[in-house]
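Structure first, commentary second.
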Amino acid sequence: MTTATLTILDHAIALLSVIVWFAAGVTMSLRRAKPALALLAVALLVTLTRAASVAVLAGRGWWFVQEKVLLGLPMLALAALAATVIAGPRLRARTTGAGRPEDIDVAGVVALLTTAYAALASFVLTFLIGYPLTLGTALMTIALVLAGALLTMRVLVKPNANADEEPDADPDRPKVSRRRFLGVAGVVVGTAGAGAGLSARPVAAVTDGGGPGPTSRATVSVTDLRGADTPAPGGVRREHVLTARKATVRLESGRDIDAWTFDGTVPGPPITATQGDLIEVKLVNHDIDDGVTLHWHGYDVPCGEDGAAGVTQDAVVPGAEFVYRFRADQVGTYWYHTHHASHLGVRRGLYGALVVKPQEEHDTGQLDLTLPVHTFDGTATITGGAEHIAPAGTTVRLRLINTDSDPHRFALAGTSFRVAAIDGRDLEQPGEISRNGLRLPAAGRYDLVFVMPSTSVALALDDHAATVWLRPQAGAPDGEPATQDITGWPELDLLTYGAPTPVALRAEAADRHFTLVLDRGVAMVDGSPAYAQTVNGRGHPSIPDQLVAEGDIVRFTVVNRSLETHPWHLHGHPVLVLSRDGKPSSGSPLWVDTFDVRPGEVWEVAFRASNPGIWMNHCHNLPHQHQGMMLQLRYDGVTTPFGGMHTVGSSHDH
Amino acid sequence: MASPVAGSGAGLVVATINDMRKVFTGLAALLLLAVITQFYLAASGAFDAAPIEEAFQPHRVLGYSILALAVVVTIAGAVARMPGRLIGMAGLVAGLVLVQSLIREVAKSFGDGSTVGHFVFGLHALNAMLIVGVTGTILRQSRQISRNPAKTDQMAS
């Protein structure tokens with residue numbers, strides 16, 4: 001069973017325990033002893049099952065159960081024990097008596113309902129707080145459960161207006177219980193206050209991952225970390241001007257949409273270069289009011305060229321411009337997009353392809369297609385699709401780019417093929433495969449390579465009918481691809497694909513190790529409380545910066561506690577995948593800039609800190625990033641004069 | 001926590017409780033209004049051209065507000081010593097609202113565009129109707145109780 005399934009199962013059992021304990025309490029308050037006793041038995045059974053499911057889940061990692069093991073379950077078990085001891089014998093006594101008793105057994109009902117509150121608190125805690133549970137939160141939770149018990153007692157002890165009994169029949173009793181009530185209430189308020197006080201303590205702004213803390217040596221500003229201004233020997237200067245402007249764009253479906261564009265087109269103009277060239281792009285903002293930047297996704301540019309608004313530069317406002325300059329040292333398929341209010345800007349069209357080809361490539365007979373996928377109006381479309389003619393024997397390279405926030409599934413039918421590169425980086429001996437689905441994470445890229453057969457080849461997206469066709473000659477029939485059932489094709493597991501080769505980084509001891517537990521929860525995001533996408537229980541910008549020093553070997557453990565996929569993206573560095581769910585990567589060394597951490601998964605990745613700067617480290621599901629799932633990796637001694645990344649945009653007006 | 005029990009005579013307690021019952025009725029009315037508005041936001045979100053995350057933002061925000069309000073109504077009911085049934089029903093509304101997000105999460109976990117997910121999500125609408133029903137009942141019964149406080153007043157005099 002996958003961890004995600006286990007998590008859902010545990011949620012279900014937790015919810016069931018809430019329902020059954022409430023049912024037991026309510027039934028007892030309705031003075032129906034027999035069903036109440038039965039419900040109590042069921043509730044105890046469900047609670048035991050809950051303990052079992054938590055125990056199994058604990059086997060998948062402490063992160064998945066911490067708040068349940070430390071508070072949720074013990075609290076529930078304690079309450080359940082008390083309820084059994086208090087309500088059990090009373091219920092059994094009443095089942096022997098005839099008919100419905102006149103009065104409500106207050107102690108029994110309160111005990112059962114308090115257990116229900118404990119079960120509810122345990123359930124809600126998982127959703128609202130998650131990992132990590134702090135002492136402050138624990139105290140506040142306990143206080144809430146006790147407050148619930150007190151209120152229940154208050155409602156039950158003194159009969160309400162609808163009841164026939166005379167209230168305050170015994171003038172002494174209420175006074176005593178009032179004193180006791182106030183005493184317990186005081187304890188509750190004190191506990192809650194202590195919890196709130198503990199939670200309000202400031203947290204460290206930086207974590208060092210087990211390495212040395214910040215030193216006081218001379219600092220360098222990100223504005224001084226700029227790219228080369230000459231091409232490598234033999235290279236040329238590739239100059240572009242990209243003007244960000246609003247425009248009406250006609251989709252391939254024929255619909256017109258109001259897009260935000262670079263140079264009036266979506267995707268923006270492709271930027272292509274040969275290895276060693278100098279890429280120089282002048283970004284001009286014509287009328288994108290929120291501002292715009294250019295981030296070179298997956299390209300390890302010097303930090304000052306990274307385009308992270310508020311960190312490496314200010315957003316380029318309408319009328320302003322910014323020049324990016326860097327050497328095209330990395331070969332492969334990349335893309336560029338705005339990194340300011342990107343959850344709006346990228347979705348509306350502020351992106352384009354960046355492709356760098358090797359110098360020695362002279363195969364002019366090759367068909368090389370760049371195929372970015374983007375969703376407009378709820379429909380994902382492959383741009384540059386439609387039909388292409390490739391005579392049999394032609395080497396074809398399809399560069400798939402996912403510019404969306406969700407993964408896409410591709411199926412290439414009619415030929416066997418190789419996944420030659422992932423995120424721009426070549427794989428080691430990728431084998432020929434066919435009849436495999438390919439899941440491309442948000443922001444990821446795959447290069448598919450094959451030799452054109454004498455029959456047609458089709459590329460399908462998300463198991464829909466193929467939209468990209470390659471035909472050996474004009475008018476060639478659809479043939480096999482049209483009849484194949486691609487939906488049943490298994491997903492290619494990239495962790496076992498290709499040939500393993502030794503990589504020094506894999507064996508070297510990490511200088512710093514950071515654990516990122518991804519979840520949903522209540523947290524502050526940009527100064528206001530939200531049901532956020534969190535990292536270690538916090539939202540941007542309250543997530544501590546990760547401190548590294550140049551030359552460090554850094555490890556990330558990325559844990560997804562939530563039920564959503566989180567495509568994790570570190571700027572400025574490719575990461576080497578070490579393992580997923582404890583299973584080491586056994587295929588080709590996998591260097592990626594974006595890796596999909598699916599619900600319940602635990603990924604271990606490593607990289608060498610070799611590109612000084614302050615780098616965004618975030619979920620590339622851009623709405624998630626906007627909802628708090630973003631932090632910074634900061635090299636010791638690097639500073640920024642910019643004010644920090646603030647989320648802006650028209651959807652943030654609530 | 002403000003408690004009417006603390007340091008006040010029986011008459012004052014009863015008077016305070018009657019006021020609190022009015023507050024409870026008011027909160028219940030507000031809850032019903034919010035739930036009805038929520039239907040409107042769901043529909044306007046469904047016909048919004050913006051992507052789902054954005055189009056349903058108001059619906060989501062109000063949803064969490066309703067959850068908070070339902071909890072407040074439940075606590076207010078307990079403080080005002082409304083009949084246990086009404087408090088229970090208010091708690092039930094809070095539970096059902098929680099189930100609304102649960103349905104969404106479960107449906108989403110089946111993956112976008114999956115048929116099972118769509119069927120599960122359909123429960124979101126049915127559960128919403130249940131919420132309207134229960135909230136309406138709370139409001140009706142609590143208005144009856146607030147309108148006839150005579151019994152309690154007699155007890156106090």
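Each chain in the structure tokens gets a letter, A, B and so on, in the order shown; residues start at 1 in every chain, and ligands are counted from 1 in the order they appear.
Residues in contact with Ile103 (chain B) at up to 7 Å, not including ones fewer than 2 positions away on its chain and judged by only C-alpha atoms, are B:Val99, B:Gln100, B:Ser101, B:Glu105, B:Val106, B:Ala107, B:Val120, B:Phe121, B:His124.
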Selection export as a tab-separated table (two decimals), in the first residue's frame, atoms kept: C-alpha atoms:
chain	number	residue	atom	x	y	z
B	99	VAL	CA	-16.66	17.13	5.26
B	100	GLN	CA	-17.04	19.57	2.34
B	101	SER	CA	-13.29	20.17	2.18
B	105	GLU	CA	-9.49	16.57	-1.08
B	106	VAL	CA	-10.61	13.00	-1.60
B	107	ALA	CA	-11.95	13.81	-5.09
B	120	VAL	CA	-17.04	11.84	-5.36
B	121	PHE	CA	-17.12	15.57	-5.95
B	124	HIS	CA	-20.09	18.18	-2.33
> Got a sec: who's within 6 Å of region 57-69 of chain B, counting only C-alpha atoms, leaving out chain neighbours fewer than 5 positions off, as an MDAnalysis selection string?
Replying inline: chainID B and resid 41:42 94 97
Based on the selection just made, write C-alpha atoms of those residues as a CSV table (one decimal), in the first residue's frame.
chain,number,residue,atom,x,y,z
B,41,LEU,CA,-20.1,31.8,-5.2
B,42,ALA,CA,-19.9,28.2,-6.2
B,94,ALA,CA,-19.4,22.4,11.6
B,97,VAL,CA,-18.6,21.9,6.5
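We find CA of Gly136 (chain A) and CA of Ala196 (chain A) to be spaced 5.9 Å apart.
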> Near Val597 (chain A), within 6 Å and counting only C-alpha atoms, which residues show up once chain neighbours fewer than 6 positions away are dropped, as a PyMOL selection string?
Replying inline: chain A and resi 565-567
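One finds CA of Pro623 (chain A) at 7.7 Å from CA of Ser405 (chain A).
Counting only C-alpha atoms, Ala244 (chain A) has the following residues at most 6 Å away, ignoring those fewer than 4 positions along the same chain: Thr261, Phe262, Asn285 and His286 of chain A.
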